$ cat run-v7.txt   # compact mmCIF, C-alpha atoms
# COMPACT_ATOMS: atom_id res chain seq x y z
CA MET R 1 9.30 -47.51 -33.98
CA SER R 2 7.48 -47.70 -30.68
CA SER R 3 8.99 -47.51 -27.25
CA TYR R 4 7.92 -48.77 -23.86
CA PRO R 5 6.83 -47.15 -21.73
CA PRO R 6 5.18 -44.77 -24.17
CA SER R 7 6.47 -41.21 -24.05
CA SER R 8 3.99 -38.69 -22.67
CA PRO R 9 3.68 -35.10 -23.81
CA THR R 10 5.22 -32.44 -21.56
CA GLN R 11 2.71 -31.26 -19.01
CA PRO R 12 2.04 -27.51 -19.11
CA THR R 13 3.34 -25.51 -16.20
CA THR R 14 0.56 -24.22 -13.97
CA LEU R 15 0.52 -20.67 -12.67
CA ARG R 16 1.16 -21.91 -9.13
CA GLN R 17 4.28 -23.77 -10.30
CA ARG R 18 5.44 -20.77 -12.32
CA LEU R 19 5.13 -18.45 -9.33
CA ALA R 20 6.90 -20.96 -7.12
CA GLY R 21 9.76 -21.03 -9.63
CA LEU R 22 9.95 -17.24 -9.57
CA ARG R 23 10.27 -17.22 -5.77
CA GLY R 24 12.78 -20.06 -5.60
CA PRO R 25 12.25 -23.72 -4.71
CA ALA R 26 12.89 -23.27 -0.97
CA VAL R 27 11.22 -19.88 -0.49
CA GLN R 28 7.80 -19.70 1.10
CA PRO R 29 5.37 -17.19 -0.49
CA ARG R 30 5.14 -13.87 1.31
CA PRO R 31 1.46 -12.99 1.82
CA LEU R 32 0.07 -9.67 0.67
CA ASP R 33 -1.19 -7.37 3.40
CA ALA R 34 -3.30 -4.22 3.28
CA ARG R 35 -0.30 -1.92 3.57
CA ALA R 36 1.34 -3.54 0.54
CA LEU R 37 -1.90 -3.39 -1.43
CA ALA R 38 -2.33 0.30 -0.62
CA ALA R 39 1.20 0.98 -1.85
CA LEU R 40 0.58 -1.16 -4.94
CA ALA R 41 -2.60 0.75 -5.71
CA ALA R 42 -0.70 4.03 -5.43
CA ASN R 43 1.57 2.94 -8.31
CA PRO R 44 -0.48 0.61 -10.56
CA GLY R 45 1.82 1.14 -13.53
CA CYS R 46 4.68 -0.73 -11.87
CA GLY R 47 4.60 -4.24 -13.33
CA ARG R 48 7.67 -5.16 -11.28
CA ARG R 49 5.92 -4.70 -7.95
CA ALA R 50 2.69 -6.27 -9.21
CA LEU R 51 4.56 -9.41 -10.29
CA LEU R 52 6.76 -9.70 -7.20
CA ASP R 53 3.86 -9.14 -4.80
CA GLY R 54 1.58 -11.47 -6.76
CA ALA R 55 4.23 -14.20 -6.75
CA GLY R 56 4.87 -13.76 -3.03
CA VAL R 57 8.52 -12.79 -3.48
CA ASP R 58 10.23 -11.45 -0.35
CA LYS R 59 11.28 -8.05 -1.70
CA ASN R 60 13.29 -7.26 1.42
CA ALA R 61 15.48 -10.35 0.95
CA LEU R 62 15.69 -9.62 -2.78
CA ALA R 63 16.82 -6.02 -2.16
CA THR R 64 19.46 -7.24 0.32
CA ALA R 65 20.76 -9.78 -2.21
CA LEU R 66 20.93 -7.01 -4.83
CA GLY R 67 23.04 -4.90 -2.49
CA SER R 68 20.38 -2.19 -2.01
CA PRO R 69 18.68 -3.02 1.30
CA ALA R 70 15.96 -0.75 2.61
CA ALA R 71 15.13 -0.26 6.28
CA PHE R 72 11.40 -0.87 6.63
CA GLY R 73 9.09 -1.66 9.50
CA GLN R 74 8.63 -0.51 13.07
CA SER R 75 11.15 -0.79 15.87
CA GLN R 76 10.75 -3.57 18.39
CA PHE R 77 9.75 -1.02 21.02
CA ALA R 78 6.99 0.39 18.78
CA ILE R 79 5.70 -3.13 18.03
CA VAL R 80 5.54 -4.03 21.73
CA ARG R 81 3.84 -0.72 22.57
CA GLY R 82 1.33 -1.20 19.76
CA ASN R 83 0.49 -4.76 20.83
CA SER R 84 0.08 -3.63 24.43
CA PHE R 85 -2.27 -0.82 23.43
CA GLU R 86 -4.33 -3.10 21.18
CA ALA R 87 -4.69 -5.64 23.98
CA LYS R 88 -5.89 -2.88 26.29
CA VAL R 89 -8.47 -1.68 23.76
CA LYS R 90 -9.80 -5.20 23.19
CA GLY R 91 -9.70 -6.25 26.84
CA ASP R 92 -12.75 -7.40 28.80
CA GLY R 93 -14.39 -8.94 25.76
CA GLY R 94 -13.94 -5.81 23.66
CA ALA R 95 -16.20 -3.74 25.93
CA GLU R 96 -14.19 -0.51 25.49
CA LEU R 97 -13.87 -0.97 21.74
CA LEU R 98 -17.60 -1.58 21.33
CA ARG R 99 -18.33 1.46 23.50
CA LEU R 100 -16.21 3.62 21.20
CA VAL R 101 -17.92 2.24 18.08
CA HIS R 102 -21.36 2.84 19.61
CA GLY R 103 -20.54 6.37 20.75
CA HIS R 104 -18.91 7.55 17.53
CA LEU R 105 -20.75 5.65 14.79
CA ASP R 106 -24.08 4.31 16.08
CA PRO R 107 -25.32 6.29 19.12
CA ALA R 108 -28.99 5.69 18.24
CA ALA R 109 -28.62 1.92 18.59
CA GLU R 110 -29.01 -0.04 21.80
CA PRO R 111 -25.71 0.16 23.75
CA PRO R 112 -23.63 -3.03 23.65
CA GLY R 113 -24.08 -5.09 26.79
CA ALA R 114 -21.74 -7.36 28.67
CA GLY R 115 -22.87 -10.30 26.58
CA ALA R 116 -21.69 -8.98 23.21
CA ARG R 117 -20.57 -11.81 20.96
CA VAL R 118 -16.87 -12.38 20.22
CA PRO R 119 -16.79 -15.50 18.00
CA ASP R 120 -13.77 -17.78 17.77
CA LEU R 121 -12.17 -17.37 14.31
CA THR R 122 -9.39 -19.94 14.58
CA ALA R 123 -9.01 -22.32 11.63
CA ALA R 124 -6.30 -24.05 9.65
CA GLY R 125 -4.53 -21.83 7.13
CA PRO R 126 -5.63 -18.50 5.65
CA GLU R 127 -8.30 -20.12 3.48
CA GLY R 128 -9.85 -21.79 6.51
CA ARG R 129 -9.73 -18.58 8.54
CA ALA R 130 -11.32 -16.63 5.70
CA ALA R 131 -14.13 -19.19 5.47
CA ARG R 132 -14.60 -19.10 9.25
CA THR R 133 -14.75 -15.29 9.15
CA ALA R 134 -17.39 -15.35 6.41
CA LEU R 135 -19.46 -17.77 8.48
CA ALA R 136 -19.13 -15.58 11.60
CA LEU R 137 -20.21 -12.51 9.62
CA ARG R 138 -23.23 -14.40 8.29
CA GLU R 139 -24.25 -15.51 11.79
CA ALA R 140 -23.73 -12.05 13.29
CA THR R 141 -25.78 -10.39 10.55
CA ALA R 142 -28.61 -12.83 11.07
CA THR R 143 -28.49 -12.49 14.89
CA ARG R 144 -28.75 -8.66 14.75
CA ASP R 145 -26.63 -8.09 17.84
CA TRP R 146 -23.35 -6.36 18.64
CA THR R 147 -20.52 -8.66 17.52
CA LEU R 148 -16.76 -8.11 17.62
CA LEU R 149 -14.55 -10.03 15.18
CA ASP R 150 -10.99 -9.93 16.52
CA HIS R 151 -8.42 -10.16 13.70
CA PRO R 152 -10.72 -11.66 11.07
CA MET R 153 -9.30 -12.96 7.80
CA LEU R 154 -10.61 -11.44 4.56
CA ALA R 155 -9.95 -12.57 0.99
CA LEU R 156 -9.47 -10.23 -1.97
CA GLU R 157 -8.36 -11.06 -5.51
CA VAL R 158 -5.66 -8.72 -6.79
CA ALA R 159 -4.41 -9.00 -10.38
CA GLY R 160 -5.64 -12.57 -10.54
CA SER R 161 -3.84 -13.59 -7.35
CA PRO R 162 -5.63 -14.13 -3.99
CA ALA R 163 -4.65 -11.90 -1.07
CA TYR R 164 -5.58 -12.61 2.54
CA LEU R 165 -5.98 -9.55 4.74
CA GLU R 166 -6.22 -9.28 8.52
CA PRO R 167 -7.73 -6.06 9.92
CA ASP R 168 -7.44 -5.27 13.62
CA ALA R 169 -11.16 -5.72 14.13
CA VAL R 170 -14.55 -5.71 12.42
CA VAL R 171 -17.70 -4.81 14.37
CA VAL R 172 -21.18 -5.93 13.30
CA HIS R 173 -23.93 -3.51 14.36
CA PRO R 174 -27.46 -4.55 15.39
CA ASP R 175 -28.76 -3.26 12.05
CA GLY R 176 -26.41 -5.59 10.13
CA ARG R 177 -23.83 -2.93 9.22
CA TRP R 178 -20.14 -3.90 9.26
CA THR R 179 -17.49 -1.43 10.47
CA VAL R 180 -13.71 -1.72 10.10
CA VAL R 181 -11.70 -0.67 13.18
CA GLU R 182 -8.08 0.41 12.84
CA ILE R 183 -6.03 0.48 16.06
CA LYS R 184 -2.84 2.56 15.84
CA SER R 185 -0.25 3.41 18.45
CA PHE R 186 0.41 7.01 17.33
CA PRO R 187 -1.23 9.55 19.66
CA MET R 188 -4.31 11.65 19.06
CA ILE R 189 -3.51 14.99 20.72
CA ASP R 190 -6.40 17.39 21.34
CA ALA R 191 -8.64 15.15 19.20
CA ALA R 192 -6.25 15.42 16.20
CA ALA R 193 -3.53 13.10 14.91
CA ASP R 194 -0.71 13.43 12.40
CA ALA R 195 -2.34 13.95 8.99
CA ALA R 196 0.15 11.76 7.10
CA LYS R 197 -0.34 8.85 9.49
CA VAL R 198 -4.12 9.22 9.40
CA GLY R 199 -4.00 9.23 5.60
CA ALA R 200 -1.92 6.03 5.55
CA ALA R 201 -4.36 4.39 7.98
CA ALA R 202 -7.31 5.47 5.81
CA ARG R 203 -5.76 3.96 2.66
CA GLN R 204 -5.07 0.74 4.55
CA ALA R 205 -8.63 0.61 5.93
CA ALA R 206 -10.03 1.22 2.42
CA VAL R 207 -8.46 -2.08 1.32
CA TYR R 208 -10.26 -3.86 4.17
CA VAL R 209 -13.53 -2.21 3.16
CA LEU R 210 -13.10 -3.48 -0.40
CA ALA R 211 -12.46 -7.01 0.86
CA LEU R 212 -15.49 -6.86 3.16
CA GLU R 213 -17.68 -5.73 0.28
CA ARG R 214 -16.77 -8.90 -1.63
CA THR R 215 -18.12 -10.95 1.29
CA ALA R 216 -21.17 -8.73 1.81
CA GLU R 217 -22.25 -9.25 -1.81
CA LYS R 218 -23.07 -12.87 -0.94
CA LEU R 219 -25.13 -12.08 2.20
CA ALA R 220 -28.63 -10.60 2.24
CA GLY R 221 -29.03 -7.66 4.61
CA ALA R 222 -25.29 -7.04 5.00
CA GLU R 223 -23.89 -3.54 4.51
CA VAL R 224 -20.30 -2.34 4.79
CA GLY R 225 -19.86 1.09 6.34
CA HIS R 226 -17.60 3.52 4.50
CA THR R 227 -16.74 5.27 7.76
CA VAL R 228 -14.09 3.39 9.73
CA LEU R 229 -13.16 3.98 13.35
CA LEU R 230 -9.57 4.98 14.09
CA VAL R 231 -8.56 4.19 17.68
CA CYS R 232 -5.42 5.80 19.11
CA PRO R 233 -3.92 6.68 22.51
CA LYS R 234 -5.35 9.89 23.94
CA ASP R 235 -2.82 12.70 24.24
CA PHE R 236 0.29 11.28 25.95
CA SER R 237 -1.47 8.55 27.91
CA ASN R 238 -2.30 4.94 27.14
CA LEU R 239 -6.05 5.57 27.32
CA PRO R 240 -7.91 4.87 24.07
CA THR R 241 -9.79 7.51 22.13
CA ALA R 242 -11.33 7.32 18.67
CA ALA R 243 -12.37 9.33 15.64
CA PRO R 244 -14.48 8.35 12.61
CA VAL R 245 -12.70 8.51 9.23
CA ASP R 246 -14.61 8.59 5.95
CA VAL R 247 -12.72 6.39 3.46
CA ARG R 248 -15.04 6.70 0.44
CA ARG R 249 -12.47 8.63 -1.57
CA GLU R 250 -9.62 6.26 -0.65
CA ARG R 251 -11.84 3.26 -1.40
CA ALA R 252 -12.76 4.58 -4.87
CA VAL R 253 -9.13 5.37 -5.73
CA THR R 254 -7.86 2.04 -4.45
CA ARG R 255 -10.53 0.08 -6.31
CA ARG R 256 -9.84 1.90 -9.57
CA GLN R 257 -6.09 1.44 -9.26
CA LEU R 258 -6.28 -2.24 -8.35
CA GLU R 259 -8.52 -2.89 -11.34
CA ARG R 260 -5.87 -1.33 -13.59
CA LEU R 261 -3.21 -3.82 -12.51
CA THR R 262 -2.08 -6.26 -15.15
CA ARG R 263 -2.91 -9.83 -14.19
CA VAL R 264 -0.07 -11.83 -12.70
CA GLU R 265 -0.30 -14.61 -15.29
CA GLU R 266 0.14 -12.08 -18.12
CA LEU R 267 3.25 -10.63 -16.45
CA ALA R 268 4.67 -14.09 -15.76
CA ALA R 269 3.98 -15.30 -19.32
CA ALA R 270 6.09 -12.48 -20.75
CA LEU R 271 9.19 -13.54 -18.80
CA PRO R 272 11.91 -15.83 -20.17
CA GLU R 273 11.67 -19.48 -19.14
CA GLY R 274 13.77 -20.29 -16.10
CA LEU R 275 13.90 -16.73 -14.76
CA THR R 276 13.87 -16.64 -10.96
CA PHE R 277 14.17 -14.16 -8.09
CA ASP R 278 15.62 -16.72 -5.70
CA PRO R 279 17.77 -14.74 -3.22
CA GLU R 280 20.33 -17.57 -3.32
CA ARG R 281 21.33 -16.50 -6.85
CA THR R 282 24.19 -14.08 -7.43
CA ALA R 283 23.61 -10.33 -7.44
CA GLU R 284 24.32 -10.18 -11.17
CA GLU R 285 21.74 -12.87 -11.95
CA LEU R 286 19.15 -11.20 -9.75
CA ALA R 287 19.79 -7.78 -11.28
CA GLU R 288 19.25 -9.27 -14.74
CA ALA R 289 16.03 -10.97 -13.60
CA VAL R 290 14.67 -7.81 -12.01
CA SER R 291 15.49 -5.73 -15.08
CA ALA R 292 13.40 -8.13 -17.20
CA VAL R 293 10.24 -6.71 -15.58
CA ASP R 294 9.24 -3.13 -16.34
CA ALA R 295 9.13 -0.75 -13.38
CA ALA R 296 7.61 2.68 -12.83
CA TYR R 297 9.90 4.28 -10.28
CA ALA R 298 8.95 7.50 -8.53
CA PRO R 299 10.46 9.17 -5.44
CA GLU R 300 7.31 8.22 -3.51
CA CYS R 301 8.41 4.57 -3.79
CA LEU R 302 11.13 5.23 -1.21
CA ALA R 303 8.50 5.24 1.53
CA ALA R 304 6.56 2.21 0.31
CA CYS R 305 8.71 -0.36 -1.53
CA GLU R 306 11.73 -2.40 -0.45
CA LEU R 307 13.21 -2.29 -3.96
CA ALA R 308 13.00 1.50 -4.22
CA PHE R 309 16.75 2.12 -3.78
CA HIS R 310 17.62 -0.39 -6.50
CA CYS R 311 15.01 1.04 -8.86
CA ARG R 312 16.20 4.60 -8.15
CA GLU R 313 19.79 3.66 -8.96
CA ARG R 314 18.72 2.10 -12.26
CA ALA R 315 16.46 5.04 -13.13
CA ARG R 316 19.31 7.47 -12.54
CA ALA R 317 21.72 5.33 -14.55
CA ALA R 318 19.24 5.30 -17.44
CA ASP R 319 18.82 9.10 -17.14
CA GLU R 320 15.05 8.69 -16.73
CA VAL R 321 13.00 11.74 -15.78
CA THR R 322 10.85 9.54 -13.49
CA ALA R 323 13.62 9.90 -10.92
CA LEU R 324 12.57 13.57 -10.65
CA GLY R 325 8.96 12.76 -9.73
CA ARG R 326 5.64 11.90 -11.35
CA SER R 327 4.66 15.55 -11.79
CA VAL R 328 7.84 16.29 -13.77
CA ARG R 329 7.36 13.13 -15.82
CA GLY R 330 3.79 14.14 -16.64
CA GLU R 331 4.79 17.66 -17.68
CA LEU R 332 7.57 16.50 -20.01
CA GLY R 333 5.36 14.25 -22.13
CA ALA R 334 7.42 12.43 -24.77
CA LEU R 335 10.72 13.62 -23.26
CA THR R 336 11.59 10.57 -21.18
CA THR R 337 15.24 11.33 -20.36
CA VAL R 338 16.94 14.25 -18.64
CA GLU R 339 19.32 14.60 -21.61
CA ALA R 340 16.38 14.99 -24.02
CA ALA R 341 14.79 17.60 -21.74
CA LEU R 342 18.03 19.61 -21.52
CA ALA R 343 18.45 19.40 -25.29
CA ALA R 344 14.93 20.72 -25.79
CA ALA R 345 15.61 23.59 -23.39
CA SER R 346 18.72 24.54 -25.38
CA GLY R 347 16.73 24.62 -28.62
CA ALA R 348 17.97 21.33 -30.04
CA GLY R 349 14.66 19.56 -29.62
CA CYS R 350 11.89 19.00 -32.11
CA ALA R 351 10.39 22.37 -33.01
CA GLU R 352 6.98 20.81 -33.67
CA ASP R 353 6.79 19.29 -30.20
CA PRO R 354 4.87 21.70 -27.92
CA THR R 355 6.69 20.45 -24.82
CA SER R 356 10.10 21.08 -26.41
CA ALA R 357 8.97 24.55 -27.56
CA ALA R 358 7.69 25.42 -24.08
CA LEU R 359 10.94 24.27 -22.46
CA HIS R 360 13.03 26.32 -24.91
CA ARG R 361 10.90 29.41 -24.27
CA ALA R 362 11.15 28.94 -20.50
CA ALA R 363 14.94 28.61 -20.77
CA ARG R 364 15.16 31.83 -22.83
CA LEU R 365 13.01 33.74 -20.32
CA ARG R 366 15.15 32.50 -17.47
CA ALA R 367 18.35 33.54 -19.22
CA GLU R 368 16.92 37.01 -19.93
CA ALA R 369 15.85 37.42 -16.33
CA LEU R 370 19.32 36.49 -15.09
CA GLU R 371 20.95 38.95 -17.51
CA LEU R 372 18.69 41.76 -16.33
CA ALA R 373 19.41 40.94 -12.71
CA ALA R 374 23.15 40.94 -13.35
CA ALA R 375 23.04 44.29 -15.23
CA ARG R 376 20.93 46.06 -12.63
CA PRO R 377 23.10 48.09 -10.20
CA ARG R 378 22.94 46.91 -6.68
CA ARG R 379 21.57 49.27 -4.07
CA HIS R 380 23.87 49.95 -1.15
CA VAL R 381 22.17 49.09 2.11
CA PRO R 382 23.82 50.88 5.03
CA GLU R 383 24.74 48.76 7.96
CA SER R 384 22.59 49.21 11.02
CA PRO R 385 24.27 50.99 13.87
CA GLU R 386 25.41 48.92 16.75
CA CYS R 387 23.09 48.72 19.72
CA PRO R 388 24.22 51.28 22.28
CA CYS R 389 23.36 48.93 25.07

$ encode --input "run-v7.txt" --output "C-alpha cells"
Amino acid sequence: MSSYPPSSPTQPTTLRQRLAGLRGPAVQPRPLDARALAALAANPGCGRRALLDGAGVDKNALATALGSPAAFGQSQFAIVRGNSFEAKVKGDGGAELLRLVHGHLDPAAEPPGAGARVPDLTAAGPEGRAARTALALREATATRDWTLLDHPMLALEVAGSPAYLEPDAVVVHPDGRWTVVEIKSFPMIDAAADAAKVGAAARQAAVYVLALERTAEKLAGAEVGHTVLLVCPKDFSNLPTAAPVDVRRERAVTRRQLERLTRVEELAAALPEGLTFDPERTAEELAEAVSAVDAAYAPECLAACELAFHCRERARAADEVTALGRSVRGELGALTTVEAALAAASGAGCAEDPTSAALHRAARLRAEALELAAARPRRHVPESPECPC
C-alpha cells in the first residue's frame, strides 16, 4: 500500500549536528585557544576533555551546573594591565616590538624602518580572518620586508575538529622567516622571569608554531622560526624587554600528544543517542552524561581544566590511584585502586605480580625499620644552659 507523500528515509546525523546536540540547542560553541590546546596535549589520554573541547562545550558552565565550579582566569585588574602593556608594546606601528625582534633574533638584517608593514587582518568570522592572515603572510613573504601581523588568526586541526588560534603577534623577517611573539604582563627581573610562567608561555607559543607550520607548508620560501620572542615588563616598570625562547622541545611534545588524541567523531559515535551536556539539564543528568566519557584525571588537571574538581571527586569515590598522581599510577602498573595497592602491600596480592611483590617487600622493610627505631634506646640530650645575658 502506497502513501502520499512518499516516506523518506531518515537522514543521517552529521558531525556538526551531533556536536551541536552535545552542547545544547541554545549554546554557542566555545572556541579552542592555544592555552586549552597546550593543556589538552599535556593529558592526551583524557577522552572527556578531548570530546568537550572538540564539541565546543563550555566546561566552566558545565562544572558550575555540576556543583563543582573552578575559579579560572585572570583578575580584571590583571587583564587591564596586560592590555595596557600590549598596547604600549605595539604602539607607533609596532616600532618597539620590531626593534626587539631585530635586536634579539635577527641583528644581521637591515633594521626595520618607519615604513614597516602592518596589514589589516579584519574579516568576517574566524574562517575569514584565517584566510586573510594566510594571504597577508603570503604577501609579506614575497615582499621580503619587515611585517607585523597584529593578532593574526591561525587554523589548526585537532582530533578532527578545527581550532582557530590568535597569537599576540607574528613578525615576518626580510628573509621570509616567521616569528611568533608572546606578550605577557608578568615581569622580567634582572633579565629572568618566573620559570613556571615562562614554561606555560613556551607551551602556548609551541601551539602557534605548529599552526604556522601548516600555513608555511603551502608557501614557497616560508620558514617558521622555532625561537619565539617573549616580551615582558622590565623589572618593576612598564617598559618592555624581551628574551628569546627556544620551543623546539615543547613543539615536538605538543605535536606528538595532539596526534595521539582520539578523533572527535569516534568519541561522539561511542556515546548513547540523545546524550547532551546542556547546562540547562539537572545536575544528576549532567553527571550521568559526563560519566559516559572516560577521563584520565591527575592532580595536574587542577591547574588546567575547569572540570578538575568534579573529576577528582569521582576519582576519589572510585578509589582510583590516579588521584595520587601520574607517577604513582605508572609505578603501580595493574593495581588501579588504592584498596588493591594496600592489599598487595599486606601480602594479599598476587604473588606472581612483580608490582605486588615489590610493594609487599617494601612494606616489610618499612615495618622492620620502625620496629628497630622503637627498640633503640633514645639518647638523652642535655638542655642547653640559659643565656647569661

$ closest_residue --input "run-v7.txt" --among "R:Ala134, R:Leu210, R:Leu98, R:Cys350" --to "Ala114 of chain R" --atoms "only C-alpha atoms"
R:Leu98

$ closest_residue --input "run-v7.txt" --among "R:Ile189, R:Ser291, R:Glu368, R:Arg203" --to "Ala41 of chain R" --atoms "only C-alpha atoms"
R:Arg203

$ closest_atom_pairs --input "run-v7.txt" --of "segment 63-136 of chain R" --to "segment 232-247 of chain R" --cutoff "10 Å" --atoms "only C-alpha atoms" --output "Markdown table"
| residue | atom | partner | partner_atom | distance |
| --- | --- | --- | --- | --- |
| R:Arg81 | CA | R:Asn238 | CA | 9.5 |
| R:Gly82 | CA | R:Cys232 | CA | 9.7 |
| R:Ser84 | CA | R:Asn238 | CA | 9.3 |
| R:Phe85 | CA | R:Asn238 | CA | 6.9 |
| R:Glu86 | CA | R:Cys232 | CA | 9.2 |
| R:Lys88 | CA | R:Pro240 | CA | 8.3 |
| R:Val89 | CA | R:Pro240 | CA | 6.6 |
| R:Glu96 | CA | R:Pro240 | CA | 8.4 |
| R:Leu97 | CA | R:Pro240 | CA | 8.7 |
| R:Leu100 | CA | R:Ala242 | CA | 6.6 |
| R:Val101 | CA | R:Ala242 | CA | 8.3 |
| R:Gly103 | CA | R:Ala242 | CA | 9.5 |
| R:His104 | CA | R:Pro244 | CA | 6.7 |
| R:Leu105 | CA | R:Pro244 | CA | 7.2 |

$ closest_residue --input "run-v7.txt" --among "R:Leu230, R:Ala65, R:Phe77, R:Gln204" --to "Pro187 of chain R" --atoms "only C-alpha atoms"
R:Leu230

$ closest_residue --input "run-v7.txt" --among "R:Ala283, R:Ala136, R:Leu156, R:Leu148" --to "Gly91 of chain R" --atoms "all atoms listed in the file"
R:Leu148

$ residues_around --input "run-v7.txt" --residues "Asn60 of chain R" --least-positions-apart "6" --cutoff "8 Å" --atoms "all atoms listed in the file" --output "PyMOL selection string"
chain R and resi 69-70+306-307

$ residues_around --input "run-v7.txt" --residues "Ala343 of chain R" --least-positions-apart "4" --cutoff "12 Å" --atoms "only C-alpha atoms" --output "ChimeraX atom specification"
/R:335-339,347-351,355-357,359-360,363

$ atom_distance --input "run-v7.txt" --atom1 "atom CA of Gly21 of chain R" --atom2 "atom CA of Leu267 of chain R"
14.0 Å

$ closest_residue --input "run-v7.txt" --among "R:Thr141, R:Asn43, R:Thr64, R:Ser161" --to "Glu266 of chain R" --atoms "only C-alpha atoms"
R:Ser161

$ atom_distance --input "run-v7.txt" --atom1 "atom CA of Cys311 of chain R" --atom2 "atom CA of Glu288 of chain R"
12.6 Å

$ atom_distance --input "run-v7.txt" --atom1 "atom CA of Ser327 of chain R" --atom2 "atom CA of Glu352 of chain R"
22.6 Å

$ residues_near_point --input "run-v7.txt" --point "(9.7, -11.3, -1.1)" --cutoff "9 Å" --atoms "all atoms listed in the file" --output "ChimeraX atom specification"
/R:23,27-31,52-53,55-63,277

$ residues_near_point --input "run-v7.txt" --point "(-10.2, -15.0, 4.5)" --cutoff "8 Å" --atoms "all atoms listed in the file" --output "ChimeraX atom specification"
/R:126-134,152-155,164-165

$ write_last_selection --input "run-v7.txt" --atoms "C-alpha atoms" --output "mmCIF file, in the coordinates of the input"
data_model
loop_
_atom_site.group_PDB
_atom_site.id
_atom_site.type_symbol
_atom_site.label_atom_id
_atom_site.label_comp_id
_atom_site.auth_asym_id
_atom_site.auth_seq_id
_atom_site.Cartn_x
_atom_site.Cartn_y
_atom_site.Cartn_z
ATOM 1 C CA PRO R 126 -5.630 -18.500 5.650
ATOM 2 C CA GLU R 127 -8.300 -20.120 3.480
ATOM 3 C CA GLY R 128 -9.850 -21.790 6.510
ATOM 4 C CA ARG R 129 -9.730 -18.580 8.540
ATOM 5 C CA ALA R 130 -11.320 -16.630 5.700
ATOM 6 C CA ALA R 131 -14.130 -19.190 5.470
ATOM 7 C CA ARG R 132 -14.600 -19.100 9.250
ATOM 8 C CA THR R 133 -14.750 -15.290 9.150
ATOM 9 C CA ALA R 134 -17.390 -15.350 6.410
ATOM 10 C CA PRO R 152 -10.720 -11.660 11.070
ATOM 11 C CA MET R 153 -9.300 -12.960 7.800
ATOM 12 C CA LEU R 154 -10.610 -11.440 4.560
ATOM 13 C CA ALA R 155 -9.950 -12.570 0.990
ATOM 14 C CA TYR R 164 -5.580 -12.610 2.540
ATOM 15 C CA LEU R 165 -5.980 -9.550 4.740
#

$ closest_residue --input "run-v7.txt" --among "R:Ala318, R:Ala108, R:Ala341, R:Val290" --to "Pro174 of chain R" --atoms "all atoms listed in the file"
R:Ala108

$ decode --input "run-v7.txt" --residues "segment 162-173 of chain R" --atoms "N, CA, C and O atoms" --output "mmCIF file, in the first residue's frame"
data_model
loop_
_atom_site.group_PDB
_atom_site.id
_atom_site.type_symbol
_atom_site.label_atom_id
_atom_site.label_comp_id
_atom_site.auth_asym_id
_atom_site.auth_seq_id
_atom_site.Cartn_x
_atom_site.Cartn_y
_atom_site.Cartn_z
ATOM 1 N N PRO R 162 38.360 21.593 13.754
ATOM 2 C CA PRO R 162 39.191 22.777 13.505
ATOM 3 C C PRO R 162 39.269 23.674 14.741
ATOM 4 O O PRO R 162 38.289 23.855 15.466
ATOM 5 N N ALA R 163 40.458 24.207 14.986
ATOM 6 C CA ALA R 163 40.677 25.164 16.068
ATOM 7 C C ALA R 163 41.280 26.426 15.475
ATOM 8 O O ALA R 163 42.183 26.352 14.632
ATOM 9 N N TYR R 164 40.766 27.573 15.908
ATOM 10 C CA TYR R 164 41.264 28.852 15.423
ATOM 11 C C TYR R 164 41.997 29.555 16.558
ATOM 12 O O TYR R 164 41.436 29.767 17.639
ATOM 13 N N LEU R 165 43.255 29.877 16.304
ATOM 14 C CA LEU R 165 44.157 30.389 17.333
ATOM 15 C C LEU R 165 44.567 31.812 17.004
ATOM 16 O O LEU R 165 44.749 32.165 15.836
ATOM 17 N N GLU R 166 44.764 32.621 18.056
ATOM 18 C CA GLU R 166 45.073 34.036 17.863
ATOM 19 C C GLU R 166 46.291 34.421 18.700
ATOM 20 O O GLU R 166 46.148 34.799 19.862
ATOM 21 N N PRO R 167 47.492 34.328 18.148
ATOM 22 C CA PRO R 167 48.677 34.774 18.891
ATOM 23 C C PRO R 167 48.692 36.292 19.030
ATOM 24 O O PRO R 167 47.985 37.005 18.320
ATOM 25 N N ASP R 168 49.518 36.776 19.953
ATOM 26 C CA ASP R 168 49.632 38.227 20.140
ATOM 27 C C ASP R 168 50.157 38.900 18.878
ATOM 28 O O ASP R 168 49.658 39.946 18.475
ATOM 29 N N ALA R 169 51.163 38.304 18.274
ATOM 30 C CA ALA R 169 51.734 38.885 17.060
ATOM 31 C C ALA R 169 52.593 37.854 16.352
ATOM 32 O O ALA R 169 53.115 36.916 16.975
ATOM 33 N N VAL R 170 52.721 38.037 15.037
ATOM 34 C CA VAL R 170 53.648 37.269 14.211
ATOM 35 C C VAL R 170 54.426 38.275 13.374
ATOM 36 O O VAL R 170 53.834 39.158 12.746
ATOM 37 N N VAL R 171 55.752 38.136 13.377
ATOM 38 C CA VAL R 171 56.621 39.047 12.623
ATOM 39 C C VAL R 171 57.251 38.280 11.473
ATOM 40 O O VAL R 171 57.768 37.175 11.662
ATOM 41 N N VAL R 172 57.184 38.865 10.274
ATOM 42 C CA VAL R 172 57.821 38.297 9.088
ATOM 43 C C VAL R 172 59.129 39.046 8.849
ATOM 44 O O VAL R 172 59.139 40.276 8.711
ATOM 45 N N HIS R 173 60.244 38.302 8.813
ATOM 46 C CA HIS R 173 61.572 38.892 8.619
ATOM 47 C C HIS R 173 61.832 39.137 7.131
ATOM 48 O O HIS R 173 61.156 38.554 6.269
#
